[in-house]
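*Asks:* Dropping the structure in here first, questions after.
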Amino acid sequence: MATQRKHLVKDFNPHITCYICKGYLIKPTTVTECLHTFCKTCIVQHFEDSNDCPRCGNQVHETNPLEMLRLDNTLEEIIFKLVPGLREQELERETEFWKKNKPQENGQDETSKADKPKVEEGDENQDDKDYHRSDPQIAICLDCLRNNGQSGDNVVKGLMKKFIRCSTRVTVGTIKKFLSLKLKLPSSYELDVLCNGEIMGKDHTMEFIYMTRWRLRGENFRCLNCSASQVCSQDGPFYQSYPMVLQYRPRIDFG
């Protein structure tokens, strides 16, 4: 019987510590340009003075490097499981920080905060949840693709409002759930989502489909900053002025 190898937490330190503060990664945030990961607070503060990655020195973005940051929730859970008590300690430090700083930030005294602690906590959490509105956005058209003779055609219908705008990180699985809710389909009913006639996997993101499957990409963009019909001279987020078309239909079992 093979013996299990035991590792110390310090053996993983090069992979779970922040290059800037040298502590364990708290809210690990990855720079998409070079895939280096830092504490969220550390990298945001660094980008106030520089647009370069602190580890490799590569320029992350010419004007707004914060757009190139992505939270790594999976890595955060791994670190909390590897390091005993880290989650509890971080929650205590965060609670203590807001006790000291929130009243001054809002112009309140300690008494007014003590009267409504739950409301303040709810407001704080609500501010953190932007539901991916700060992500790059993409316009999508959801078209119903009917199949003659396919059972369930009478159930799957076209949407009244088939044009949506969502985060580029939205997956096909999320689109399927959205369609099921809008069409009021049974929980056991399955759909296929296609782009240019090809069935998309449930884990494919809208950005991946747009870059690899959508044939009309890159022909016309609109700037979110100035609403120019073509690519403007400013550095800013862009989205296509026409939507990417995704088609849906009842799932076909090919056996």
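If you're wondering about the labels, chains in the structure tokens are A, B, ... by order shown, residues count from 1 in each chain, ligands from 1 in order shown.
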For region 54-71 of chain A, find every residue with an atom within 9 Å (counting only C-alpha atoms), except residues of its own chain fewer than 5 positions away, and show them as number ranges by chain.
*Replies:* A: 19-20, 27-34, 36, 40, 43-44, 46-47, 76, 134-136, 235-237
*Asks:* Write the selection just made, keeping N, CA and C atoms, as a PDB file, in the first residue's frame?
*Replies:*
```pdb
ATOM      1  N   TYR A  19       3.796  38.787  -3.866  1.00  0.00           N
ATOM      2  CA  TYR A  19       5.128  39.280  -4.201  1.00  0.00           C
ATOM      3  C   TYR A  19       5.392  40.655  -3.595  1.00  0.00           C
ATOM      4  N   ILE A  20       4.322  41.428  -3.362  1.00  0.00           N
ATOM      5  CA  ILE A  20       4.483  42.803  -2.882  1.00  0.00           C
ATOM      6  C   ILE A  20       4.618  42.856  -1.361  1.00  0.00           C
ATOM      7  N   LYS A  27      -7.719  37.942  -1.013  1.00  0.00           N
ATOM      8  CA  LYS A  27      -8.462  38.299  -2.231  1.00  0.00           C
ATOM      9  C   LYS A  27      -7.504  38.283  -3.424  1.00  0.00           C
ATOM     10  N   PRO A  28      -6.912  37.103  -3.706  1.00  0.00           N
ATOM     11  CA  PRO A  28      -5.925  37.020  -4.796  1.00  0.00           C
ATOM     12  C   PRO A  28      -6.484  37.522  -6.113  1.00  0.00           C
ATOM     13  N   THR A  29      -5.721  38.398  -6.744  1.00  0.00           N
ATOM     14  CA  THR A  29      -6.143  39.054  -7.983  1.00  0.00           C
ATOM     15  C   THR A  29      -5.063  38.861  -9.029  1.00  0.00           C
ATOM     16  N   THR A  30      -5.465  38.347 -10.193  1.00  0.00           N
ATOM     17  CA  THR A  30      -4.522  38.020 -11.255  1.00  0.00           C
ATOM     18  C   THR A  30      -4.524  39.105 -12.329  1.00  0.00           C
ATOM     19  N   VAL A  31      -3.329  39.462 -12.781  1.00  0.00           N
ATOM     20  CA  VAL A  31      -3.180  40.384 -13.908  1.00  0.00           C
ATOM     21  C   VAL A  31      -3.307  39.566 -15.187  1.00  0.00           C
ATOM     22  N   THR A  32      -4.335  39.810 -15.968  1.00  0.00           N
ATOM     23  CA  THR A  32      -4.600  38.983 -17.146  1.00  0.00           C
ATOM     24  C   THR A  32      -3.522  39.118 -18.221  1.00  0.00           C
ATOM     25  N   GLU A  33      -2.771  40.208 -18.186  1.00  0.00           N
ATOM     26  CA  GLU A  33      -1.757  40.431 -19.208  1.00  0.00           C
ATOM     27  C   GLU A  33      -0.580  39.486 -19.035  1.00  0.00           C
ATOM     28  N   CYS A  34      -0.178  39.202 -17.775  1.00  0.00           N
ATOM     29  CA  CYS A  34       0.994  38.358 -17.532  1.00  0.00           C
ATOM     30  C   CYS A  34       0.711  37.193 -16.590  1.00  0.00           C
ATOM     31  N   HIS A  36       0.319  37.074 -13.385  1.00  0.00           N
ATOM     32  CA  HIS A  36       0.885  37.127 -12.043  1.00  0.00           C
ATOM     33  C   HIS A  36      -0.207  37.526 -11.055  1.00  0.00           C
ATOM     34  N   LYS A  40      -5.331  41.801  -3.648  1.00  0.00           N
ATOM     35  CA  LYS A  40      -6.097  42.833  -4.350  1.00  0.00           C
ATOM     36  C   LYS A  40      -5.676  44.227  -3.897  1.00  0.00           C
ATOM     37  N   ILE A  43      -2.041  45.196  -5.270  1.00  0.00           N
ATOM     38  CA  ILE A  43      -1.891  45.514  -6.693  1.00  0.00           C
ATOM     39  C   ILE A  43      -2.649  46.785  -7.065  1.00  0.00           C
ATOM     40  N   VAL A  44      -3.781  47.035  -6.404  1.00  0.00           N
ATOM     41  CA  VAL A  44      -4.526  48.270  -6.683  1.00  0.00           C
ATOM     42  C   VAL A  44      -3.706  49.484  -6.244  1.00  0.00           C
ATOM     43  N   HIS A  46      -0.470  49.592  -6.002  1.00  0.00           N
ATOM     44  CA  HIS A  46       0.687  49.688  -6.898  1.00  0.00           C
ATOM     45  C   HIS A  46       0.325  50.404  -8.191  1.00  0.00           C
ATOM     46  N   PHE A  47      -0.867  50.125  -8.717  1.00  0.00           N
ATOM     47  CA  PHE A  47      -1.282  50.735  -9.975  1.00  0.00           C
ATOM     48  C   PHE A  47      -1.619  52.218  -9.840  1.00  0.00           C
ATOM     49  N   GLU A  76      -8.325  31.582  -3.684  1.00  0.00           N
ATOM     50  CA  GLU A  76      -8.614  32.062  -2.334  1.00  0.00           C
ATOM     51  C   GLU A  76      -9.110  30.930  -1.438  1.00  0.00           C
ATOM     52  N   SER A 134     -19.006  46.046 -13.848  1.00  0.00           N
ATOM     53  CA  SER A 134     -17.747  46.712 -14.161  1.00  0.00           C
ATOM     54  C   SER A 134     -16.910  45.913 -15.161  1.00  0.00           C
ATOM     55  N   ASP A 135     -17.351  44.688 -15.504  1.00  0.00           N
ATOM     56  CA  ASP A 135     -16.645  43.888 -16.496  1.00  0.00           C
ATOM     57  C   ASP A 135     -16.849  44.475 -17.893  1.00  0.00           C
ATOM     58  N   PRO A 136     -15.969  44.131 -18.847  1.00  0.00           N
ATOM     59  CA  PRO A 136     -16.257  44.470 -20.251  1.00  0.00           C
ATOM     60  C   PRO A 136     -17.586  43.848 -20.658  1.00  0.00           C
ATOM     61  N   ASP A 235      -8.049  55.576 -25.282  1.00  0.00           N
ATOM     62  CA  ASP A 235      -7.932  54.228 -24.755  1.00  0.00           C
ATOM     63  C   ASP A 235      -9.070  53.990 -23.804  1.00  0.00           C
ATOM     64  N   GLY A 236      -9.937  53.090 -24.132  1.00  0.00           N
ATOM     65  CA  GLY A 236     -11.091  52.817 -23.284  1.00  0.00           C
ATOM     66  C   GLY A 236     -11.751  51.522 -23.691  1.00  0.00           C
ATOM     67  N   PRO A 237     -12.793  51.098 -22.961  1.00  0.00           N
ATOM     68  CA  PRO A 237     -13.476  49.855 -23.281  1.00  0.00           C
ATOM     69  C   PRO A 237     -14.314  50.001 -24.545  1.00  0.00           C
TER      70      PRO A 237
END
```
*Asks:* If you run DSSP on the backbone here, which positions in region 32-77 of chain A get alpha helix (DSSP H)? Please write them as JSON, numbers by chain.
*Replies:* {"A": [40, 41, 42, 43, 44, 45, 46, 73, 74, 75, 76, 77]}
*Asks:* Taking N, CA, C and O atoms for each residue, export the selection above as a PDB file, in the first residue's frame.
*Replies:*
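Output (result.pdb):
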```
ATOM      1  N   LYS A  40      -5.331  41.801  -3.648  1.00  0.00           N
ATOM      2  CA  LYS A  40      -6.097  42.833  -4.350  1.00  0.00           C
ATOM      3  C   LYS A  40      -5.676  44.227  -3.897  1.00  0.00           C
ATOM      4  O   LYS A  40      -5.444  45.120  -4.724  1.00  0.00           O
ATOM      5  N   THR A  41      -5.573  44.419  -2.590  1.00  0.00           N
ATOM      6  CA  THR A  41      -5.196  45.736  -2.068  1.00  0.00           C
ATOM      7  C   THR A  41      -3.807  46.144  -2.544  1.00  0.00           C
ATOM      8  O   THR A  41      -3.582  47.295  -2.932  1.00  0.00           O
ATOM      9  N   CYS A  42      -2.872  45.194  -2.538  1.00  0.00           N
ATOM     10  CA  CYS A  42      -1.490  45.494  -2.916  1.00  0.00           C
ATOM     11  C   CYS A  42      -1.391  45.938  -4.368  1.00  0.00           C
ATOM     12  O   CYS A  42      -0.741  46.943  -4.680  1.00  0.00           O
ATOM     13  N   ILE A  43      -2.041  45.196  -5.270  1.00  0.00           N
ATOM     14  CA  ILE A  43      -1.891  45.514  -6.693  1.00  0.00           C
ATOM     15  C   ILE A  43      -2.649  46.785  -7.065  1.00  0.00           C
ATOM     16  O   ILE A  43      -2.202  47.563  -7.908  1.00  0.00           O
ATOM     17  N   VAL A  44      -3.781  47.035  -6.404  1.00  0.00           N
ATOM     18  CA  VAL A  44      -4.526  48.270  -6.683  1.00  0.00           C
ATOM     19  C   VAL A  44      -3.706  49.484  -6.244  1.00  0.00           C
ATOM     20  O   VAL A  44      -3.615  50.486  -6.964  1.00  0.00           O
ATOM     21  N   GLN A  45      -3.090  49.408  -5.068  1.00  0.00           N
ATOM     22  CA  GLN A  45      -2.244  50.509  -4.606  1.00  0.00           C
ATOM     23  C   GLN A  45      -1.036  50.693  -5.514  1.00  0.00           C
ATOM     24  O   GLN A  45      -0.610  51.823  -5.776  1.00  0.00           O
ATOM     25  N   HIS A  46      -0.470  49.592  -6.002  1.00  0.00           N
ATOM     26  CA  HIS A  46       0.687  49.688  -6.898  1.00  0.00           C
ATOM     27  C   HIS A  46       0.325  50.404  -8.191  1.00  0.00           C
ATOM     28  O   HIS A  46       1.099  51.228  -8.690  1.00  0.00           O
ATOM     29  N   ASN A  73     -11.215  33.481  -7.122  1.00  0.00           N
ATOM     30  CA  ASN A  73     -11.915  32.947  -5.949  1.00  0.00           C
ATOM     31  C   ASN A  73     -11.500  31.516  -5.645  1.00  0.00           C
ATOM     32  O   ASN A  73     -11.491  31.094  -4.482  1.00  0.00           O
ATOM     33  N   THR A  74     -11.154  30.748  -6.676  1.00  0.00           N
ATOM     34  CA  THR A  74     -10.731  29.356  -6.457  1.00  0.00           C
ATOM     35  C   THR A  74      -9.436  29.306  -5.667  1.00  0.00           C
ATOM     36  O   THR A  74      -9.299  28.530  -4.719  1.00  0.00           O
ATOM     37  N   LEU A  75      -8.473  30.141  -6.055  1.00  0.00           N
ATOM     38  CA  LEU A  75      -7.201  30.187  -5.328  1.00  0.00           C
ATOM     39  C   LEU A  75      -7.412  30.647  -3.895  1.00  0.00           C
ATOM     40  O   LEU A  75      -6.765  30.142  -2.960  1.00  0.00           O
ATOM     41  N   GLU A  76      -8.325  31.582  -3.684  1.00  0.00           N
ATOM     42  CA  GLU A  76      -8.614  32.062  -2.334  1.00  0.00           C
ATOM     43  C   GLU A  76      -9.110  30.930  -1.438  1.00  0.00           C
ATOM     44  O   GLU A  76      -8.659  30.790  -0.297  1.00  0.00           O
ATOM     45  N   GLU A  77     -10.001  30.094  -1.956  1.00  0.00           N
ATOM     46  CA  GLU A  77     -10.517  28.968  -1.177  1.00  0.00           C
ATOM     47  C   GLU A  77      -9.419  27.961  -0.883  1.00  0.00           C
ATOM     48  O   GLU A  77      -9.365  27.382   0.207  1.00  0.00           O
TER      49      GLU A  77
END
```
*Asks:* Between CA of Ser50 (chain A) and CA of Phe38 (chain A), what distance in Å does the model show, to one decimal?
*Replies:*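 Value for the CA of Ser50 (chain A)-CA of Phe38 (chain A) distance: 14.9 Å.
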*Asks:* Would you kindly return, as a list in words, each protein, DNA or RNA residue with an atom no farther than 9 Å from any atom of region 207-209 of chain A, considering only C-alpha atoms and excluding same-chain residues fewer than 4 positions away?
*Replies:*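 Answer for this query is Ile138, Ser167, Thr168, Arg169, Val170, Thr171, Cys195, Met200, Arg213 and Trp214 of chain A.
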*Asks:* For Leu145 (chain A), please output as a PDB file with N, CA and C atoms, in the first residue's frame all residues within 10 Å (counting only C-alpha atoms; exclusion window: fewer than 2 positions along the same chain).
*Replies:*
```pdb
ATOM      1  N   LEU A 142     -30.314  36.633 -28.889  1.00  0.00           N
ATOM      2  CA  LEU A 142     -30.691  35.239 -28.646  1.00  0.00           C
ATOM      3  C   LEU A 142     -31.847  34.882 -29.572  1.00  0.00           C
ATOM      4  N   ASP A 143     -31.548  34.093 -30.604  1.00  0.00           N
ATOM      5  CA  ASP A 143     -32.541  33.712 -31.619  1.00  0.00           C
ATOM      6  C   ASP A 143     -33.008  32.281 -31.393  1.00  0.00           C
ATOM      7  N   ASN A 147     -36.639  23.392 -35.098  1.00  0.00           N
ATOM      8  CA  ASN A 147     -36.309  22.183 -35.850  1.00  0.00           C
ATOM      9  C   ASN A 147     -37.595  21.446 -36.178  1.00  0.00           C
ATOM     10  N   ASN A 148     -37.933  21.331 -37.444  1.00  0.00           N
ATOM     11  CA  ASN A 148     -39.163  20.672 -37.845  1.00  0.00           C
ATOM     12  C   ASN A 148     -39.158  19.213 -37.414  1.00  0.00           C
ATOM     13  N   ASP A 153     -40.870  21.595 -29.856  1.00  0.00           N
ATOM     14  CA  ASP A 153     -40.831  22.874 -30.567  1.00  0.00           C
ATOM     15  C   ASP A 153     -41.904  23.829 -30.072  1.00  0.00           C
ATOM     16  N   VAL A 156     -40.337  25.571 -26.785  1.00  0.00           N
ATOM     17  CA  VAL A 156     -39.262  26.537 -26.977  1.00  0.00           C
ATOM     18  C   VAL A 156     -39.705  27.581 -27.997  1.00  0.00           C
ATOM     19  N   LYS A 157     -39.868  28.798 -27.539  1.00  0.00           N
ATOM     20  CA  LYS A 157     -40.348  29.881 -28.381  1.00  0.00           C
ATOM     21  C   LYS A 157     -39.330  31.013 -28.388  1.00  0.00           C
ATOM     22  N   GLY A 158     -39.577  31.963 -29.267  1.00  0.00           N
ATOM     23  CA  GLY A 158     -38.711  33.125 -29.310  1.00  0.00           C
ATOM     24  C   GLY A 158     -38.972  34.061 -28.147  1.00  0.00           C
ATOM     25  N   ASP A 192     -29.854  23.439 -26.476  1.00  0.00           N
ATOM     26  CA  ASP A 192     -28.570  23.605 -27.148  1.00  0.00           C
ATOM     27  C   ASP A 192     -28.412  25.078 -27.508  1.00  0.00           C
ATOM     28  N   VAL A 193     -27.214  25.624 -27.296  1.00  0.00           N
ATOM     29  CA  VAL A 193     -26.900  26.997 -27.698  1.00  0.00           C
ATOM     30  C   VAL A 193     -25.834  26.926 -28.776  1.00  0.00           C
ATOM     31  N   LEU A 194     -26.096  27.566 -29.907  1.00  0.00           N
ATOM     32  CA  LEU A 194     -25.203  27.476 -31.055  1.00  0.00           C
ATOM     33  C   LEU A 194     -24.717  28.849 -31.492  1.00  0.00           C
ATOM     34  N   GLY A 197     -23.929  27.862 -36.198  1.00  0.00           N
ATOM     35  CA  GLY A 197     -24.267  26.477 -36.451  1.00  0.00           C
ATOM     36  C   GLY A 197     -23.506  25.466 -35.621  1.00  0.00           C
ATOM     37  N   LEU A 246     -26.474  34.373 -30.969  1.00  0.00           N
ATOM     38  CA  LEU A 246     -26.484  33.004 -30.471  1.00  0.00           C
ATOM     39  C   LEU A 246     -27.869  32.422 -30.732  1.00  0.00           C
ATOM     40  N   GLN A 247     -27.918  31.182 -31.174  1.00  0.00           N
ATOM     41  CA  GLN A 247     -29.189  30.517 -31.436  1.00  0.00           C
ATOM     42  C   GLN A 247     -29.409  29.421 -30.402  1.00  0.00           C
ATOM     43  N   TYR A 248     -30.659  29.210 -30.060  1.00  0.00           N
ATOM     44  CA  TYR A 248     -30.988  28.133 -29.116  1.00  0.00           C
ATOM     45  C   TYR A 248     -32.114  27.278 -29.685  1.00  0.00           C
ATOM     46  N   ARG A 249     -32.147  26.024 -29.250  1.00  0.00           N
ATOM     47  CA  ARG A 249     -33.145  25.070 -29.730  1.00  0.00           C
ATOM     48  C   ARG A 249     -33.274  23.951 -28.698  1.00  0.00           C
ATOM     49  N   PRO A 250     -34.314  23.126 -28.795  1.00  0.00           N
ATOM     50  CA  PRO A 250     -34.389  21.944 -27.924  1.00  0.00           C
ATOM     51  C   PRO A 250     -33.181  21.048 -28.157  1.00  0.00           C
TER      52      PRO A 250
END
```
*Asks:* Hey, what's within 12 Å of region 80-94 of chain A if we count only C-alpha atoms and toss same-chain stuff fewer than 6 positions away? As a list in words, please?
*Replies:*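 Near region 80-94 of chain A, the qualifying residues are His7, Leu8, Val9, Lys10, Asp11, Phe12, Asn13, His15, Ile16, Thr17, Gly23, Tyr24, Leu25, Ile26, Lys27, Pro28, Asn73, Thr74, Lys100, Asn101, Lys102, Glu121 and Glu124 of chain A.
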*Asks:* Could you tell me which of A:Cys141, A:Asn51, A:Thr212, A:Phe178 comes closest to Ile164 (chain A) if we count only C-alpha atoms?
*Replies:* A:Cys141
*Asks:* Would you mind reading off the distance between CA of Tyr131 (chain A) and CA of Cys166 (chain A), one decimal, in Å?
*Replies:*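 Answer for the CA of Tyr131 (chain A) to CA of Cys166 (chain A) separation: 10.0 Å.
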*Asks:* Contacts of Ser188 (chain A) at 12 Å or less, counting only C-alpha atoms, minus same-chain residues fewer than 2 places along, as a list of chain:residue names?
*Replies:*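 The neighbour list is A:Lys177, A:Ser180, A:Lys184, A:Leu185, A:Pro186, A:Glu190, A:Leu191, A:Pro250, A:Arg251.
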